[in-house]
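Shown here: run.cif, mmCIF, N, CA, C and O atoms.
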data_upload
#
loop_
_atom_site.label_atom_id
_atom_site.label_comp_id
_atom_site.auth_asym_id
_atom_site.auth_seq_id
_atom_site.Cartn_x
_atom_site.Cartn_y
_atom_site.Cartn_z
N MET Y 295 53.91 130.07 -94.78
CA MET Y 295 55.18 129.38 -94.90
C MET Y 295 54.95 127.90 -94.61
O MET Y 295 54.31 127.57 -93.61
N PRO Y 296 55.48 127.02 -95.44
CA PRO Y 296 55.29 125.58 -95.21
C PRO Y 296 55.97 125.14 -93.91
O PRO Y 296 56.96 125.73 -93.48
N SER Y 297 55.43 124.11 -93.30
CA SER Y 297 56.06 123.55 -92.10
C SER Y 297 56.51 122.12 -92.39
O SER Y 297 55.93 121.43 -93.22
N VAL Y 298 57.58 121.74 -91.68
CA VAL Y 298 58.11 120.38 -91.74
C VAL Y 298 58.17 119.88 -90.30
O VAL Y 298 58.61 120.60 -89.40
N ILE Y 299 57.74 118.65 -90.11
CA ILE Y 299 57.74 118.04 -88.78
C ILE Y 299 58.88 117.03 -88.73
O ILE Y 299 58.93 116.10 -89.54
N TYR Y 300 59.78 117.24 -87.78
CA TYR Y 300 60.92 116.35 -87.57
C TYR Y 300 60.62 115.51 -86.34
O TYR Y 300 60.32 116.06 -85.28
N ILE Y 301 60.74 114.20 -86.46
CA ILE Y 301 60.52 113.31 -85.32
C ILE Y 301 61.88 112.76 -84.91
O ILE Y 301 62.55 112.07 -85.69
N HIS Y 302 62.29 113.09 -83.70
CA HIS Y 302 63.58 112.67 -83.17
C HIS Y 302 63.55 111.19 -82.81
O HIS Y 302 62.47 110.62 -82.58
N PRO Y 303 64.72 110.55 -82.70
CA PRO Y 303 64.76 109.13 -82.35
C PRO Y 303 64.05 108.79 -81.05
O PRO Y 303 63.53 107.69 -80.89
N ASN Y 304 63.97 109.75 -80.12
CA ASN Y 304 63.29 109.49 -78.85
C ASN Y 304 61.77 109.68 -78.95
O ASN Y 304 61.06 109.55 -77.97
N GLY Y 305 61.29 110.03 -80.15
CA GLY Y 305 59.86 110.19 -80.37
C GLY Y 305 59.34 111.61 -80.26
O GLY Y 305 58.19 111.89 -80.62
N SER Y 306 60.16 112.53 -79.76
CA SER Y 306 59.71 113.91 -79.67
C SER Y 306 59.60 114.52 -81.07
O SER Y 306 60.32 114.14 -81.99
N ARG Y 307 58.68 115.47 -81.19
CA ARG Y 307 58.41 116.11 -82.48
C ARG Y 307 58.81 117.56 -82.42
O ARG Y 307 58.61 118.23 -81.41
N GLN Y 308 59.34 118.05 -83.52
CA GLN Y 308 59.71 119.45 -83.64
C GLN Y 308 59.20 119.95 -84.98
O GLN Y 308 59.53 119.40 -86.02
N THR Y 309 58.39 120.99 -84.96
CA THR Y 309 57.83 121.56 -86.18
C THR Y 309 58.55 122.85 -86.50
O THR Y 309 58.67 123.74 -85.64
N LEU Y 310 59.04 122.96 -87.73
CA LEU Y 310 59.72 124.16 -88.18
C LEU Y 310 58.98 124.77 -89.36
O LEU Y 310 58.56 124.04 -90.27
N ASP Y 311 58.84 126.07 -89.35
CA ASP Y 311 58.38 126.78 -90.53
C ASP Y 311 59.61 126.96 -91.42
O ASP Y 311 60.65 127.45 -90.97
N VAL Y 312 59.48 126.55 -92.68
CA VAL Y 312 60.62 126.53 -93.59
C VAL Y 312 60.28 127.37 -94.82
O VAL Y 312 59.28 127.10 -95.49
N PRO Y 313 61.13 128.34 -95.14
CA PRO Y 313 60.88 129.13 -96.34
C PRO Y 313 60.90 128.24 -97.60
O PRO Y 313 61.73 127.34 -97.71
N ALA Y 314 59.99 128.52 -98.51
CA ALA Y 314 59.98 127.78 -99.77
C ALA Y 314 61.34 127.93 -100.44
O ALA Y 314 61.94 129.01 -100.44
N GLY Y 315 61.84 126.82 -100.98
CA GLY Y 315 63.13 126.81 -101.65
C GLY Y 315 64.26 126.32 -100.78
O GLY Y 315 65.30 125.92 -101.29
N GLN Y 316 64.09 126.36 -99.46
CA GLN Y 316 65.12 125.86 -98.56
C GLN Y 316 64.96 124.34 -98.45
O GLN Y 316 63.85 123.82 -98.54
N SER Y 317 66.06 123.64 -98.27
CA SER Y 317 65.97 122.19 -98.14
C SER Y 317 65.60 121.81 -96.71
O SER Y 317 65.80 122.57 -95.76
N VAL Y 318 65.08 120.61 -96.56
CA VAL Y 318 64.76 120.05 -95.24
C VAL Y 318 66.03 120.01 -94.40
O VAL Y 318 66.01 120.28 -93.20
N MET Y 319 67.18 119.71 -95.02
CA MET Y 319 68.45 119.69 -94.32
C MET Y 319 68.86 121.08 -93.86
O MET Y 319 69.23 121.27 -92.69
N GLN Y 320 68.80 122.08 -94.73
CA GLN Y 320 69.20 123.44 -94.37
C GLN Y 320 68.38 123.96 -93.20
O GLN Y 320 68.92 124.59 -92.28
N ALA Y 321 67.09 123.71 -93.23
CA ALA Y 321 66.22 124.15 -92.14
C ALA Y 321 66.64 123.51 -90.82
O ALA Y 321 66.72 124.18 -89.79
N ALA Y 322 66.93 122.21 -90.85
CA ALA Y 322 67.31 121.50 -89.63
C ALA Y 322 68.65 121.98 -89.08
O ALA Y 322 68.77 122.25 -87.88
N VAL Y 323 69.63 122.10 -89.94
CA VAL Y 323 70.97 122.51 -89.50
C VAL Y 323 70.94 123.94 -88.95
O VAL Y 323 71.52 124.22 -87.90
N SER Y 324 70.25 124.83 -89.64
CA SER Y 324 70.23 126.23 -89.21
C SER Y 324 69.48 126.43 -87.89
O SER Y 324 69.67 127.44 -87.22
N ARG Y 325 68.67 125.44 -87.51
CA ARG Y 325 67.92 125.57 -86.26
C ARG Y 325 68.38 124.57 -85.19
O ARG Y 325 67.70 124.33 -84.21
N GLY Y 326 69.55 123.97 -85.42
CA GLY Y 326 70.19 123.18 -84.39
C GLY Y 326 69.64 121.78 -84.18
O GLY Y 326 69.82 121.21 -83.10
N ILE Y 327 69.01 121.20 -85.18
CA ILE Y 327 68.58 119.80 -85.04
C ILE Y 327 69.83 118.93 -85.20
O ILE Y 327 70.38 118.80 -86.30
N GLU Y 328 70.28 118.38 -84.10
CA GLU Y 328 71.57 117.70 -84.04
C GLU Y 328 71.64 116.40 -84.83
O GLU Y 328 72.72 115.95 -85.19
N GLU Y 329 70.51 115.77 -85.09
CA GLU Y 329 70.53 114.48 -85.78
C GLU Y 329 70.79 114.60 -87.28
O GLU Y 329 70.97 113.61 -87.96
N ILE Y 330 70.79 115.81 -87.80
CA ILE Y 330 71.13 116.03 -89.20
C ILE Y 330 72.43 116.82 -89.23
O ILE Y 330 72.49 117.95 -88.75
N LEU Y 331 73.47 116.22 -89.81
CA LEU Y 331 74.78 116.85 -89.83
C LEU Y 331 75.01 117.69 -91.08
O LEU Y 331 75.54 118.78 -91.01
N GLY Y 332 74.68 117.16 -92.24
CA GLY Y 332 74.87 117.89 -93.48
C GLY Y 332 76.33 118.27 -93.71
O GLY Y 332 76.63 119.41 -94.08
N GLU Y 333 77.24 117.33 -93.51
CA GLU Y 333 78.67 117.62 -93.59
C GLU Y 333 79.11 118.17 -94.94
O GLU Y 333 80.06 118.93 -95.01
N CYS Y 334 78.45 117.81 -96.01
CA CYS Y 334 78.88 118.29 -97.34
C CYS Y 334 78.16 119.57 -97.74
O CYS Y 334 78.32 120.06 -98.85
N GLY Y 335 77.36 120.11 -96.84
CA GLY Y 335 76.69 121.36 -97.12
C GLY Y 335 75.51 121.27 -98.07
O GLY Y 335 75.06 122.27 -98.61
N GLY Y 336 75.03 120.07 -98.31
CA GLY Y 336 73.88 119.91 -99.18
C GLY Y 336 74.21 119.58 -100.62
O GLY Y 336 73.38 119.76 -101.50
N ASN Y 337 75.41 119.10 -100.85
CA ASN Y 337 75.84 118.79 -102.21
C ASN Y 337 75.66 117.32 -102.60
O ASN Y 337 76.21 116.88 -103.60
N ALA Y 338 74.90 116.58 -101.82
CA ALA Y 338 74.64 115.16 -102.09
C ALA Y 338 75.93 114.38 -102.28
O ALA Y 338 76.13 113.69 -103.26
N MET Y 339 76.82 114.51 -101.26
CA MET Y 339 78.10 113.82 -101.33
C MET Y 339 78.44 113.03 -100.07
O MET Y 339 79.48 112.40 -100.02
N CYS Y 340 77.56 113.07 -99.03
CA CYS Y 340 78.00 112.45 -97.78
C CYS Y 340 76.97 111.58 -97.07
O CYS Y 340 77.34 110.78 -96.24
N ALA Y 341 75.70 111.75 -97.30
CA ALA Y 341 74.63 110.98 -96.68
C ALA Y 341 74.48 111.23 -95.17
O ALA Y 341 73.88 110.44 -94.47
N THR Y 342 75.01 112.37 -94.67
CA THR Y 342 74.85 112.67 -93.24
C THR Y 342 73.61 113.52 -92.98
O THR Y 342 73.48 114.15 -91.91
N CYS Y 343 72.70 113.51 -93.93
CA CYS Y 343 71.41 114.18 -93.75
C CYS Y 343 70.27 113.21 -94.04
O CYS Y 343 69.16 113.61 -94.37
N HIS Y 344 70.55 111.94 -93.89
CA HIS Y 344 69.59 110.87 -94.12
C HIS Y 344 68.38 111.03 -93.22
O HIS Y 344 68.51 111.31 -92.03
N VAL Y 345 67.19 110.89 -93.79
CA VAL Y 345 65.94 110.91 -93.02
C VAL Y 345 65.02 109.83 -93.56
O VAL Y 345 65.23 109.29 -94.65
N TYR Y 346 64.00 109.53 -92.78
CA TYR Y 346 62.94 108.62 -93.21
C TYR Y 346 61.67 109.44 -93.39
O TYR Y 346 61.14 110.01 -92.43
N VAL Y 347 61.21 109.53 -94.62
CA VAL Y 347 59.97 110.25 -94.92
C VAL Y 347 58.80 109.33 -94.62
O VAL Y 347 58.85 108.13 -94.91
N GLU Y 348 57.76 109.88 -94.02
CA GLU Y 348 56.57 109.07 -93.75
C GLU Y 348 56.14 108.39 -95.06
O GLU Y 348 56.02 109.06 -96.09
N PRO Y 349 55.96 107.07 -95.04
CA PRO Y 349 55.69 106.33 -96.28
C PRO Y 349 54.51 106.87 -97.10
O PRO Y 349 54.58 106.91 -98.32
N ASP Y 350 53.46 107.34 -96.42
CA ASP Y 350 52.30 107.83 -97.16
C ASP Y 350 52.53 109.22 -97.77
O ASP Y 350 51.67 109.75 -98.47
N GLN Y 351 53.72 109.79 -97.54
CA GLN Y 351 54.05 111.10 -98.10
C GLN Y 351 55.11 111.04 -99.20
O GLN Y 351 55.44 112.06 -99.80
N LEU Y 352 55.63 109.86 -99.46
CA LEU Y 352 56.70 109.73 -100.45
C LEU Y 352 56.28 110.22 -101.83
O LEU Y 352 57.10 110.80 -102.56
N ASP Y 353 55.04 110.02 -102.19
CA ASP Y 353 54.59 110.42 -103.52
C ASP Y 353 54.51 111.94 -103.68
O ASP Y 353 54.34 112.44 -104.78
N ARG Y 354 54.68 112.68 -102.60
CA ARG Y 354 54.70 114.14 -102.66
C ARG Y 354 56.07 114.67 -103.07
O ARG Y 354 56.20 115.85 -103.40
N LEU Y 355 57.09 113.81 -103.01
CA LEU Y 355 58.46 114.24 -103.28
C LEU Y 355 58.83 114.01 -104.74
O LEU Y 355 58.30 113.12 -105.40
N PRO Y 356 59.81 114.78 -105.23
CA PRO Y 356 60.32 114.50 -106.57
C PRO Y 356 61.05 113.16 -106.57
O PRO Y 356 61.48 112.69 -105.50
N PRO Y 357 61.18 112.54 -107.72
CA PRO Y 357 61.88 111.26 -107.78
C PRO Y 357 63.32 111.37 -107.28
O PRO Y 357 63.94 112.42 -107.38
N MET Y 358 63.82 110.28 -106.76
CA MET Y 358 65.18 110.20 -106.27
C MET Y 358 66.14 110.10 -107.46
O MET Y 358 65.92 109.32 -108.38
N GLY Y 359 67.21 110.89 -107.41
CA GLY Y 359 68.23 110.83 -108.45
C GLY Y 359 69.21 109.69 -108.20
O GLY Y 359 69.26 109.12 -107.10
N ASP Y 360 70.00 109.37 -109.21
CA ASP Y 360 70.98 108.28 -109.10
C ASP Y 360 72.01 108.53 -108.01
O ASP Y 360 72.39 107.60 -107.29
N ASP Y 361 72.49 109.77 -107.88
CA ASP Y 361 73.50 110.07 -106.85
C ASP Y 361 72.93 109.86 -105.45
O ASP Y 361 73.58 109.27 -104.60
N GLU Y 362 71.72 110.35 -105.24
CA GLU Y 362 71.08 110.17 -103.93
C GLU Y 362 70.89 108.68 -103.63
O GLU Y 362 71.19 108.22 -102.53
N ASP Y 363 70.44 107.95 -104.61
CA ASP Y 363 70.22 106.51 -104.46
C ASP Y 363 71.52 105.81 -104.05
O ASP Y 363 71.54 105.00 -103.12
N ALA Y 364 72.61 106.12 -104.72
CA ALA Y 364 73.90 105.49 -104.42
C ALA Y 364 74.39 105.88 -103.03
O ALA Y 364 74.88 105.02 -102.28
N LEU Y 365 74.25 107.13 -102.65
CA LEU Y 365 74.70 107.57 -101.33
C LEU Y 365 73.93 106.91 -100.20
O LEU Y 365 74.49 106.59 -99.15
N LEU Y 366 72.66 106.70 -100.40
CA LEU Y 366 71.85 106.08 -99.34
C LEU Y 366 72.31 104.66 -99.03
O LEU Y 366 72.11 104.18 -97.92
N ASP Y 367 72.94 104.00 -99.99
CA ASP Y 367 73.47 102.66 -99.73
C ASP Y 367 74.58 102.69 -98.69
O ASP Y 367 74.85 101.69 -98.04
N GLY Y 368 75.23 103.84 -98.52
CA GLY Y 368 76.32 103.96 -97.55
C GLY Y 368 75.94 104.73 -96.29
O GLY Y 368 76.82 105.08 -95.51
N ALA Y 369 74.66 104.99 -96.09
CA ALA Y 369 74.23 105.73 -94.91
C ALA Y 369 74.54 104.93 -93.64
O ALA Y 369 74.53 103.70 -93.66
N ALA Y 370 74.83 105.63 -92.56
CA ALA Y 370 75.18 104.97 -91.29
C ALA Y 370 74.02 104.19 -90.71
O ALA Y 370 74.20 103.08 -90.20
N ALA Y 371 72.83 104.76 -90.76
CA ALA Y 371 71.63 104.07 -90.26
C ALA Y 371 71.05 103.23 -91.39
O ALA Y 371 71.33 103.47 -92.57
N ASP Y 372 70.26 102.26 -91.03
CA ASP Y 372 69.68 101.36 -92.03
C ASP Y 372 68.94 102.12 -93.11
O ASP Y 372 68.17 103.04 -92.83
N ARG Y 373 69.18 101.72 -94.35
CA ARG Y 373 68.41 102.26 -95.46
C ARG Y 373 67.08 101.50 -95.51
O ARG Y 373 67.05 100.28 -95.48
N LEU Y 374 66.00 102.26 -95.58
CA LEU Y 374 64.66 101.70 -95.68
C LEU Y 374 64.02 102.19 -96.97
O LEU Y 374 64.53 103.11 -97.61
N PRO Y 375 62.89 101.61 -97.36
CA PRO Y 375 62.24 102.06 -98.60
C PRO Y 375 61.85 103.55 -98.58
O PRO Y 375 61.72 104.16 -99.64
N ASN Y 376 61.71 104.13 -97.40
CA ASN Y 376 61.33 105.54 -97.30
C ASN Y 376 62.52 106.45 -96.96
O ASN Y 376 62.34 107.59 -96.56
N SER Y 377 63.74 105.96 -97.14
CA SER Y 377 64.94 106.76 -96.90
C SER Y 377 65.13 107.79 -98.00
O SER Y 377 64.93 107.50 -99.18
N ARG Y 378 65.51 108.99 -97.58
CA ARG Y 378 65.86 110.06 -98.52
C ARG Y 378 66.96 110.90 -97.89
O ARG Y 378 67.17 110.88 -96.68
N LEU Y 379 67.68 111.64 -98.72
CA LEU Y 379 68.63 112.63 -98.23
C LEU Y 379 67.88 113.95 -98.10
O LEU Y 379 67.30 114.44 -99.07
N SER Y 380 67.89 114.52 -96.91
CA SER Y 380 67.10 115.73 -96.68
C SER Y 380 67.64 116.93 -97.45
O SER Y 380 66.90 117.89 -97.69
N CYS Y 381 68.89 116.87 -97.89
CA CYS Y 381 69.42 117.97 -98.71
C CYS Y 381 68.79 117.99 -100.10
O CYS Y 381 68.84 119.01 -100.79
N GLN Y 382 68.20 116.89 -100.50
CA GLN Y 382 67.60 116.79 -101.82
C GLN Y 382 66.10 117.07 -101.81
O GLN Y 382 65.44 116.97 -102.84
N ILE Y 383 65.57 117.41 -100.64
CA ILE Y 383 64.14 117.72 -100.52
C ILE Y 383 64.00 119.23 -100.35
O ILE Y 383 64.24 119.77 -99.27
N LYS Y 384 63.66 119.91 -101.42
CA LYS Y 384 63.43 121.36 -101.38
C LYS Y 384 61.98 121.60 -100.97
O LYS Y 384 61.06 121.03 -101.55
N VAL Y 385 61.80 122.42 -99.98
CA VAL Y 385 60.46 122.68 -99.44
C VAL Y 385 59.68 123.58 -100.39
O VAL Y 385 60.20 124.58 -100.90
N THR Y 386 58.45 123.18 -100.63
CA THR Y 386 57.50 123.96 -101.43
C THR Y 386 56.19 123.99 -100.66
O THR Y 386 56.01 123.25 -99.68
N GLY Y 387 55.27 124.79 -101.12
CA GLY Y 387 53.95 124.83 -100.49
C GLY Y 387 53.27 123.48 -100.52
O GLY Y 387 52.53 123.13 -99.60
N GLU Y 388 53.53 122.69 -101.56
CA GLU Y 388 52.93 121.37 -101.67
C GLU Y 388 53.45 120.40 -100.61
O GLU Y 388 52.84 119.37 -100.34
N LEU Y 389 54.60 120.72 -100.01
CA LEU Y 389 55.17 119.84 -98.99
C LEU Y 389 54.80 120.28 -97.57
O LEU Y 389 55.31 119.72 -96.59
N ASP Y 390 53.92 121.25 -97.43
CA ASP Y 390 53.50 121.70 -96.12
C ASP Y 390 53.00 120.51 -95.29
O ASP Y 390 52.19 119.71 -95.76
N GLY Y 391 53.55 120.37 -94.08
CA GLY Y 391 53.16 119.26 -93.21
C GLY Y 391 53.98 117.99 -93.41
O GLY Y 391 53.67 116.96 -92.81
N LEU Y 392 55.02 118.06 -94.23
CA LEU Y 392 55.88 116.89 -94.44
C LEU Y 392 56.43 116.40 -93.11
O LEU Y 392 56.85 117.20 -92.27
N VAL Y 393 56.43 115.09 -92.92
CA VAL Y 393 56.95 114.48 -91.69
C VAL Y 393 58.16 113.64 -92.03
O VAL Y 393 58.10 112.77 -92.91
N VAL Y 394 59.28 113.93 -91.34
CA VAL Y 394 60.50 113.14 -91.51
C VAL Y 394 60.95 112.62 -90.16
O VAL Y 394 60.90 113.34 -89.16
N ARG Y 395 61.32 111.37 -90.13
CA ARG Y 395 61.87 110.76 -88.92
C ARG Y 395 63.39 110.79 -89.03
O ARG Y 395 63.95 110.50 -90.08
N LEU Y 396 64.02 111.14 -87.93
CA LEU Y 396 65.48 111.25 -87.89
C LEU Y 396 66.09 109.94 -87.43
O LEU Y 396 65.62 109.34 -86.45
N PRO Y 397 67.12 109.47 -88.12
CA PRO Y 397 67.76 108.22 -87.71
C PRO Y 397 68.54 108.41 -86.40
O PRO Y 397 68.83 109.54 -85.99
N ASP Y 398 68.90 107.30 -85.79
CA ASP Y 398 69.63 107.37 -84.52
C ASP Y 398 71.10 107.74 -84.69
O ASP Y 398 71.78 108.05 -83.74
N ARG Y 399 71.59 107.70 -85.94
CA ARG Y 399 72.99 108.07 -86.19
C ARG Y 399 73.16 108.46 -87.66
O ARG Y 399 72.42 107.98 -88.52
N GLN Y 400 74.16 109.31 -87.92
CA GLN Y 400 74.49 109.72 -89.27
C GLN Y 400 75.91 109.29 -89.65
O GLN Y 400 76.24 109.26 -90.83
N VAL Y 401 76.73 108.98 -88.69
CA VAL Y 401 78.11 108.55 -88.96
C VAL Y 401 78.41 107.31 -88.15
O VAL Y 401 77.76 107.00 -87.17
#
Final structure tokens representation of the file:
Amino acid sequence: MPSVIYIHPNGSRQTLDVPAGQSVMQAAVSRGIEEILGECGGNAMCATCHVYVEPDQLDRLPPMGDDEDALLDGAAADRLPNSRLSCQIKVTGELDGLVVRLPDRQV
């Protein structure tokens, strides 16, 4: 099972085994990672699942869609070049070891 590493704002790391096909957001919410809210349930409508993907891992992800791009402009935490919505990152075997940093706020 692929693993995803979540880095909290305080620097602590949490590694989750995530079933293939589940989103980075779904895994975090179902396991109580408080920094990801996912208020819209993963429908790419709210930007409360904003994360920062490690820059050297961005090329492992599918391209960002127009809706995701627009929503990131309204994210509560600063948008950076490595910002993504975790609801739009579906875990696959190729993403094993993905590292995402959690912003200090979602709203």
Computed interatomic separation between atom N of Thr342 in chain Y and atom C of Gly315 in chain Y (Å):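 Answer for the atom N of Thr342 in chain Y to atom C of Gly315 in chain Y separation: 18.6 Å.
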Strand (DSSP E or B) per DSSP on the backbone: members of range 306-356 of chain Y, as a PyMOL selection string: chain Y and resi 307-311+317+344-347
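Of the listed residues Y:Ile327, Y:Leu392, Y:Val401, Y:Ala371, the one whose atoms come nearest to Cys340 in chain Y is Y:Val401, with distances taken using only C-alpha atoms.
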Spatial neighbours of range 302-304 of chain Y, max dist 7 Å, all atoms listed in the file, sep filter under 5 positions, as a ChimeraX atom specification: /Y:394-398
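When the PyMOL selection byres ((chain Y and resi 313) around 6) is evaluated on the file shown here, the picked residues come out as Met295, Pro296, Asp311, Val312, Ala314, Gly315, Gln316, Ser317 and Val385 of chain Y.
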Within-12 Å shell of (63.3, 120.8, -105.7) in input frame, only C-alpha atoms, as JSON, numbers by chain: {"Y": [314, 315, 316, 317, 318, 354, 355, 356, 357, 358, 359, 380, 381, 382, 383, 384, 385, 386, 387, 388, 389]}
Include N, CA, C and O atoms and write out the residues we just selected as a tab-separated table (two decimals), keeping the file's coordinate frame.
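See out-v3.tsv below for the written result:
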chain	number	residue	atom	x	y	z
Y	314	ALA	N	59.99	128.52	-98.51
Y	314	ALA	CA	59.98	127.78	-99.77
Y	314	ALA	C	61.34	127.93	-100.44
Y	314	ALA	O	61.94	129.01	-100.44
Y	315	GLY	N	61.84	126.82	-100.98
Y	315	GLY	CA	63.13	126.81	-101.65
Y	315	GLY	C	64.26	126.32	-100.78
Y	315	GLY	O	65.30	125.92	-101.29
Y	316	GLN	N	64.09	126.36	-99.46
Y	316	GLN	CA	65.12	125.86	-98.56
Y	316	GLN	C	64.96	124.34	-98.45
Y	316	GLN	O	63.85	123.82	-98.54
Y	317	SER	N	66.06	123.64	-98.27
Y	317	SER	CA	65.97	122.19	-98.14
Y	317	SER	C	65.60	121.81	-96.71
Y	317	SER	O	65.80	122.57	-95.76
Y	318	VAL	N	65.08	120.61	-96.56
Y	318	VAL	CA	64.76	120.05	-95.24
Y	318	VAL	C	66.03	120.01	-94.40
Y	318	VAL	O	66.01	120.28	-93.20
Y	354	ARG	N	54.68	112.68	-102.60
Y	354	ARG	CA	54.70	114.14	-102.66
Y	354	ARG	C	56.07	114.67	-103.07
Y	354	ARG	O	56.20	115.85	-103.40
Y	355	LEU	N	57.09	113.81	-103.01
Y	355	LEU	CA	58.46	114.24	-103.28
Y	355	LEU	C	58.83	114.01	-104.74
Y	355	LEU	O	58.30	113.12	-105.40
Y	356	PRO	N	59.81	114.78	-105.23
Y	356	PRO	CA	60.32	114.50	-106.57
Y	356	PRO	C	61.05	113.16	-106.57
Y	356	PRO	O	61.48	112.69	-105.50
Y	357	PRO	N	61.18	112.54	-107.72
Y	357	PRO	CA	61.88	111.26	-107.78
Y	357	PRO	C	63.32	111.37	-107.28
Y	357	PRO	O	63.94	112.42	-107.38
Y	358	MET	N	63.82	110.28	-106.76
Y	358	MET	CA	65.18	110.20	-106.27
Y	358	MET	C	66.14	110.10	-107.46
Y	358	MET	O	65.92	109.32	-108.38
Y	359	GLY	N	67.21	110.89	-107.41
Y	359	GLY	CA	68.23	110.83	-108.45
Y	359	GLY	C	69.21	109.69	-108.20
Y	359	GLY	O	69.26	109.12	-107.10
Y	380	SER	N	67.89	114.52	-96.91
Y	380	SER	CA	67.10	115.73	-96.68
Y	380	SER	C	67.64	116.93	-97.45
Y	380	SER	O	66.90	117.89	-97.69
Y	381	CYS	N	68.89	116.87	-97.89
Y	381	CYS	CA	69.42	117.97	-98.71
Y	381	CYS	C	68.79	117.99	-100.10
Y	381	CYS	O	68.84	119.01	-100.79
Y	382	GLN	N	68.20	116.89	-100.50
Y	382	GLN	CA	67.60	116.79	-101.82
Y	382	GLN	C	66.10	117.07	-101.81
Y	382	GLN	O	65.44	116.97	-102.84
Y	383	ILE	N	65.57	117.41	-100.64
Y	383	ILE	CA	64.14	117.72	-100.52
Y	383	ILE	C	64.00	119.23	-100.35
Y	383	ILE	O	64.24	119.77	-99.27
Y	384	LYS	N	63.66	119.91	-101.42
Y	384	LYS	CA	63.43	121.36	-101.38
Y	384	LYS	C	61.98	121.60	-100.97
Y	384	LYS	O	61.06	121.03	-101.55
Y	385	VAL	N	61.80	122.42	-99.98
Y	385	VAL	CA	60.46	122.68	-99.44
Y	385	VAL	C	59.68	123.58	-100.39
Y	385	VAL	O	60.20	124.58	-100.90
Y	386	THR	N	58.45	123.18	-100.63
Y	386	THR	CA	57.50	123.96	-101.43
Y	386	THR	C	56.19	123.99	-100.66
Y	386	THR	O	56.01	123.25	-99.68
Y	387	GLY	N	55.27	124.79	-101.12
Y	387	GLY	CA	53.95	124.83	-100.49
Y	387	GLY	C	53.27	123.48	-100.52
Y	387	GLY	O	52.53	123.13	-99.60
Y	388	GLU	N	53.53	122.69	-101.56
Y	388	GLU	CA	52.93	121.37	-101.67
Y	388	GLU	C	53.45	120.40	-100.61
Y	388	GLU	O	52.84	119.37	-100.34
Y	389	LEU	N	54.60	120.72	-100.01
Y	389	LEU	CA	55.17	119.84	-98.99
Y	389	LEU	C	54.80	120.28	-97.57
Y	389	LEU	O	55.31	119.72	-96.59
Shortest interatomic distance to Ile301 in chain Y - which of Y:Leu374, Y:Gln320, Y:Tyr346, Y:Leu379, counting all atoms listed in the file: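 So, comparing all the options, the nearest one is Y:Tyr346.
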All helix (DSSP H, G or I) positions in chain Y, as a list in words: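 Everything in chain Y that counts as helix (DSSP H, G or I) is Val318, Met319, Gln320, Ala321, Ala322, Val323, Ser324, Pro349, Asp350, Gln351, Leu352, Asp353, Arg354, Asp360, Asp361, Glu362, Asp363, Ala364, Leu365, Leu366, Ser380, Cys381, Gln382, Gly387, Glu388 and Leu389 of chain Y.
Separating atom N of Ala364 in chain Y from atom N of Val298 in chain Y is a distance of 25.3 Å.
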Atomic separation - atom N of Gly326 in chain Y relative to CA of Ser306 in chain Y, Å: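 Result for CA of Ser306 in chain Y versus atom N of Gly326 in chain Y: 15.2 Å, one decimal.
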Counting only C-alpha atoms, the option among Y:Glu348, Y:Asp390, Y:Asp353, Y:Glu362 closest to Gly336 in chain Y: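 Smallest distance to Gly336 in chain Y is found for Y:Glu362.
In this comparison, which uses only C-alpha atoms, the residue of Y:Gly332, Y:Arg378, Y:Ile299, Y:Ala369 approaching Leu352 in chain Y most closely is Y:Arg378.
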Selected residue, from Y:Gln400, Y:Gly335, Y:Ala341, Y:Asp350, that lies nearest to Leu366 in chain Y when counting only N, CA, C and O atoms: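 Of all the options, Y:Ala341 lies closest to Leu366 in chain Y.
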Which of Y:Ser297, Y:Leu331, Y:Ala322, Y:Gly305 sits closest to Gly391 in chain Y [using all atoms listed in the file]: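 The shortest atom-to-atom distance to Gly391 in chain Y comes from Y:Ser297.
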